[in-house]
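Participant: File my_file_29.cif follows (mmCIF, C-alpha atoms):
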data_structure
#
loop_
_atom_site.group_PDB
_atom_site.id
_atom_site.type_symbol
_atom_site.label_atom_id
_atom_site.label_comp_id
_atom_site.auth_asym_id
_atom_site.auth_seq_id
_atom_site.Cartn_x
_atom_site.Cartn_y
_atom_site.Cartn_z
ATOM 1 C CA MET A 146 -21.066 -49.630 40.050
ATOM 2 C CA THR A 147 -21.016 -46.145 41.542
ATOM 3 C CA ASP A 148 -21.540 -45.170 45.161
ATOM 4 C CA ASP A 149 -24.985 -43.697 44.443
ATOM 5 C CA ILE A 150 -26.425 -47.076 43.442
ATOM 6 C CA THR A 151 -27.676 -49.586 45.987
ATOM 7 C CA LYS A 152 -28.245 -53.258 45.226
ATOM 8 C CA ARG A 153 -31.595 -54.440 46.579
ATOM 9 C CA ASP A 154 -31.533 -57.905 45.005
ATOM 10 C CA ARG A 155 -28.886 -59.562 42.824
ATOM 11 C CA ASP A 156 -30.795 -58.738 39.647
ATOM 12 C CA ASP A 157 -32.524 -55.561 40.788
ATOM 13 C CA VAL A 158 -30.142 -52.596 40.845
ATOM 14 C CA ILE A 159 -31.876 -49.325 41.688
ATOM 15 C CA PHE A 160 -30.891 -45.742 42.359
ATOM 16 C CA ASP A 161 -31.340 -44.788 45.994
ATOM 17 C CA LYS A 162 -33.943 -42.020 45.725
ATOM 18 C CA ARG A 163 -34.456 -41.513 49.445
ATOM 19 C CA ARG A 164 -34.274 -37.885 50.513
ATOM 20 C CA ASP A 165 -34.546 -38.397 54.240
ATOM 21 C CA THR A 166 -31.914 -39.669 56.655
ATOM 22 C CA ARG A 167 -32.851 -43.066 58.024
ATOM 23 C CA ILE A 168 -31.589 -45.119 60.928
ATOM 24 C CA GLY A 169 -31.763 -48.750 61.940
ATOM 25 C CA ALA A 170 -34.645 -49.254 64.352
ATOM 26 C CA GLU A 171 -36.732 -52.184 65.504
ATOM 27 C CA PHE A 172 -40.335 -51.486 66.472
ATOM 28 C CA THR A 173 -43.292 -53.831 66.275
ATOM 29 C CA VAL A 174 -45.738 -52.514 63.678
ATOM 30 C CA SER A 175 -49.355 -53.540 63.213
ATOM 31 C CA PHE A 176 -50.919 -52.929 59.849
ATOM 32 C CA GLU A 177 -54.484 -53.167 58.643
ATOM 33 C CA LEU A 178 -55.899 -53.577 55.171
ATOM 34 C CA ALA A 179 -59.429 -52.603 54.331
ATOM 35 C CA ALA A 180 -59.795 -54.584 51.137
ATOM 36 C CA GLU A 181 -63.051 -55.947 49.804
ATOM 37 C CA GLY A 182 -64.446 -58.084 52.568
ATOM 38 C CA PRO A 183 -63.380 -58.092 56.228
ATOM 39 C CA HIS A 184 -60.459 -56.095 57.544
ATOM 40 C CA LYS A 185 -57.162 -57.937 57.664
ATOM 41 C CA PHE A 186 -54.631 -57.356 60.440
ATOM 42 C CA PHE A 187 -50.931 -58.255 60.304
ATOM 43 C CA THR A 188 -47.776 -57.463 62.259
ATOM 44 C CA GLY A 189 -44.144 -56.950 61.347
ATOM 45 C CA ILE A 190 -40.991 -55.292 62.620
ATOM 46 C CA THR A 191 -39.297 -52.189 61.281
ATOM 47 C CA GLN A 192 -35.683 -52.434 60.176
ATOM 48 C CA ASP A 193 -35.217 -48.746 59.530
ATOM 49 C CA ILE A 194 -37.157 -45.519 59.862
ATOM 50 C CA SER A 195 -37.110 -41.975 58.524
ATOM 51 C CA LYS A 196 -39.605 -39.142 58.667
ATOM 52 C CA GLY A 197 -40.759 -40.308 55.235
ATOM 53 C CA GLY A 198 -41.387 -43.986 55.954
ATOM 54 C CA ILE A 199 -40.170 -47.360 57.189
ATOM 55 C CA PHE A 200 -38.929 -50.724 55.994
ATOM 56 C CA LEU A 201 -41.381 -53.263 57.386
ATOM 57 C CA SER A 202 -39.897 -56.730 57.812
ATOM 58 C CA THR A 203 -42.725 -59.223 57.227
ATOM 59 C CA LEU A 204 -43.593 -62.354 55.292
ATOM 60 C CA GLN A 205 -46.981 -60.766 54.453
ATOM 61 C CA THR A 206 -45.765 -58.664 51.523
ATOM 62 C CA LEU A 207 -48.330 -56.770 49.479
ATOM 63 C CA PRO A 208 -48.374 -55.326 45.956
ATOM 64 C CA ILE A 209 -46.710 -51.983 45.246
ATOM 65 C CA GLY A 210 -49.253 -49.189 45.623
ATOM 66 C CA THR A 211 -51.239 -50.945 48.379
ATOM 67 C CA LYS A 212 -52.352 -48.495 51.067
ATOM 68 C CA MET A 213 -52.756 -49.477 54.693
ATOM 69 C CA LYS A 214 -53.152 -48.156 58.211
ATOM 70 C CA ILE A 215 -50.079 -48.690 60.374
ATOM 71 C CA ALA A 216 -49.467 -48.250 64.098
ATOM 72 C CA PHE A 217 -46.226 -48.398 66.080
ATOM 73 C CA ALA A 218 -44.537 -46.753 69.060
ATOM 74 C CA VAL A 219 -41.273 -44.795 69.034
ATOM 75 C CA GLU A 220 -39.856 -44.565 72.560
ATOM 76 C CA GLY A 221 -43.319 -44.675 74.097
ATOM 77 C CA ARG A 222 -45.011 -42.337 71.608
ATOM 78 C CA ASN A 223 -47.807 -44.015 69.654
ATOM 79 C CA ILE A 224 -47.698 -43.264 65.937
ATOM 80 C CA ASN A 225 -50.639 -43.925 63.606
ATOM 81 C CA ALA A 226 -50.369 -43.288 59.893
ATOM 82 C CA GLN A 227 -51.542 -44.228 56.442
ATOM 83 C CA ALA A 228 -48.748 -45.765 54.393
ATOM 84 C CA GLU A 229 -48.239 -46.965 50.837
ATOM 85 C CA VAL A 230 -46.095 -49.864 49.633
ATOM 86 C CA ARG A 231 -43.293 -48.385 47.487
ATOM 87 C CA TRP A 232 -41.197 -51.531 46.950
ATOM 88 C CA VAL A 233 -41.212 -55.190 47.963
ATOM 89 C CA ARG A 234 -38.490 -57.681 48.837
ATOM 90 C CA GLY A 235 -40.124 -61.100 48.604
ATOM 91 C CA PRO A 236 -39.328 -64.318 50.464
ATOM 92 C CA GLU A 237 -37.298 -65.575 47.493
ATOM 93 C CA ALA A 238 -34.681 -62.877 48.209
ATOM 94 C CA SER A 239 -34.545 -64.037 51.787
ATOM 95 C CA ASP A 240 -33.904 -67.607 50.668
ATOM 96 C CA SER A 241 -31.314 -66.807 48.004
ATOM 97 C CA MET A 242 -29.466 -63.891 49.628
ATOM 98 C CA GLY A 243 -30.128 -64.238 53.325
ATOM 99 C CA VAL A 244 -31.896 -60.865 53.575
ATOM 100 C CA THR A 245 -35.151 -60.127 55.337
ATOM 101 C CA PRO A 246 -38.342 -60.068 53.260
ATOM 102 C CA GLY A 247 -40.618 -57.092 53.649
ATOM 103 C CA MET A 248 -41.831 -53.817 52.186
ATOM 104 C CA GLY A 249 -40.637 -50.260 51.906
ATOM 105 C CA LEU A 250 -43.516 -48.072 53.096
ATOM 106 C CA ARG A 251 -43.949 -44.346 52.529
ATOM 107 C CA PHE A 252 -46.060 -42.342 54.956
ATOM 108 C CA VAL A 253 -48.900 -40.772 52.941
ATOM 109 C CA ASP A 254 -50.948 -39.430 55.842
ATOM 110 C CA ILE A 255 -49.300 -38.823 59.191
ATOM 111 C CA ALA A 256 -49.854 -36.091 61.761
ATOM 112 C CA GLU A 257 -47.284 -33.338 61.324
ATOM 113 C CA GLU A 258 -46.330 -33.516 65.011
ATOM 114 C CA ASP A 259 -45.606 -37.265 64.581
ATOM 115 C CA ARG A 260 -43.468 -36.591 61.495
ATOM 116 C CA VAL A 261 -41.538 -33.925 63.441
ATOM 117 C CA TYR A 262 -41.114 -36.336 66.380
ATOM 118 C CA ILE A 263 -39.766 -39.092 64.094
ATOM 119 C CA ASP A 264 -37.406 -36.615 62.409
ATOM 120 C CA ALA A 265 -36.030 -35.482 65.786
ATOM 121 C CA TYR A 266 -35.646 -39.123 66.892
ATOM 122 C CA VAL A 267 -33.722 -39.979 63.715
ATOM 123 C CA LYS A 268 -31.473 -36.929 64.037
ATOM 124 C CA GLU A 269 -30.506 -37.764 67.628
ATOM 125 C CA LYS A 270 -29.485 -41.313 66.685
ATOM 126 C CA GLU A 271 -26.496 -42.293 64.576
ATOM 127 C CA THR A 272 -27.317 -42.804 60.916
ATOM 128 C CA ILE A 273 -26.899 -46.352 59.616
ATOM 129 C CA TYR A 274 -25.397 -45.179 56.328
ATOM 130 C CA TYR A 275 -22.114 -43.328 56.365
ATOM 131 C CA ASP A 276 -18.946 -42.903 54.351
ATOM 132 C CA ASP A 277 -16.127 -44.512 56.324
ATOM 133 C CA GLU A 278 -13.439 -43.620 53.805
ATOM 134 C CA GLU A 279 -10.961 -41.024 54.961
ATOM 135 C CA LYS A 280 -10.576 -38.142 52.549
#
As structure tokens - that is how I would like this structure written.

Facilitator:
Amino acid sequence: MTDDITKRDRDDVIFDKRRDTRIGAEFTVSFELAAEGPHKFFTGITQDISKGGIFLSTLQTLPIGTKMKIAFAVEGRNINAQAEVRWVRGPEASDSMGVTPGMGLRFVDIAEEDRVYIDAYVKEKETIYYDDEEK
């Protein structure tokens, strides 16, 4: 296995296609679905964030492609965005591997000033992924 491959689940090896630097971060996130019928509200906690999206730790996973409204605060700044589910880690992974279930969300509609704020926040914090090998 090469360094440019990450292992999401034991049987699900994927290429890491993320373009944006991300950092570990825990923020409470509320998300709302406007499916057929009444609105549905849920909450979760981020595990990481980048200017392009978040990993939302939650037992309420949704199908890939599902769009939702999300709201969270980064150091006191309220962020509201539309997001889309890009990948899902179900509860079975949590049981078998001891990892947190949840969803990778991509921001599809976010105010540019909020995206810039998140990018600056990420850049001022230490990245959670680094090469610790000496060259």

Participant: Pick out the closest residue to Ser175 in chain A from this set: A:Ser195, A:Thr245, A:Thr211, A:Gln205. Count all atoms listed in the file.

Facilitator: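 Closest candidate: A:Gln205.
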
Participant: Calculated over all atoms listed in the file, which of the candidates A:Gly243, A:Gly169, A:Pro208, A:Gly198 has the smallest distance to Ala226 in chain A?

Facilitator: A:Gly198

Participant: Exactly which residues make up the result of the PyMOL selection byres ((chain A and resi 196) around 9) on this file, given as a list of chain:residue names?

Facilitator: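 When the PyMOL selection byres ((chain A and resi 196) around 9) is applied, the selected residues are A:Asp165, A:Thr166, A:Arg167, A:Ile194, A:Ser195, A:Gly197, A:Gly198, A:Ile199, A:Phe252, A:Asp259, A:Arg260, A:Val261, A:Tyr262, A:Ile263, A:Asp264, A:Ala265, A:Val267.
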
Participant: Give me, please, the distance in Å between CA of Phe176 in chain A and CA of Lys270 in chain A, quoted to one decimal.

Facilitator: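 Computing it gives 25.3 Å between the two atoms.
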
Participant: For the atom pair CA of Met213 in chain A and CA of Gly249 in chain A, what is the interatomic distance in Å to one decimal place?

Facilitator: 12.5 Å

Participant: Using only C-alpha atoms, list the residues that have an atom at most 12 Å from (-53.9, -44.0, 57.1), coordinates as in the file, as number ranges by chain.

Facilitator: A: 176-179, 211-216, 224-229, 250-256

Participant: Rounded to one decimal in Å, what is the spacing between CA of Gly210 in chain A and CA of Glu171 in chain A?

Facilitator: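 Between these atoms lies a distance of 23.7 Å.
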
Participant: Here is a test: counting all atoms listed in the file, which residue of A:Val174, A:Met248, A:Ile209, A:Val219 is nearest to Phe186 in chain A?

Facilitator: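 Smallest distance to Phe186 in chain A is found for A:Val174.
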
Participant: Counting only C-alpha atoms, figure out which residue out of A:Leu201, A:Ile190, A:Ala218, A:Val230 gets nearest to Tyr266 in chain A.

Facilitator: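 Looking at the shortest contact to Tyr266 in chain A, the residue is A:Ala218.
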
Participant: Counting only C-alpha atoms, which residue out of A:Thr173, A:Lys185, A:Lys268, A:Leu204 sits closest to Pro236 in chain A?

Facilitator: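 Looking at the shortest contact to Pro236 in chain A, the residue is A:Leu204.
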
Participant: Can you tell me, as a tab-separated table (two decimals) with C-alpha atoms, in the coordinates of the input, what residues are no more than 7 Å from Arg234 in chain A when counting only C-alpha atoms, ignoring any on the same chain fewer than 4 positions away?

Facilitator:
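Contents of the output file selection.tsv:
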chain	number	residue	atom	x	y	z
A	238	ALA	CA	-34.68	-62.88	48.21
A	246	PRO	CA	-38.34	-60.07	53.26
A	247	GLY	CA	-40.62	-57.09	53.65
A	248	MET	CA	-41.83	-53.82	52.19

Participant: Rank nothing, just name the residue among A:Asn223, A:Phe187, A:Thr206, A:Gln192 nearest to Glu258 in chain A, using all atoms listed in the file.

Facilitator: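 With all atoms listed in the file as the atom set, the closest residue is A:Asn223.
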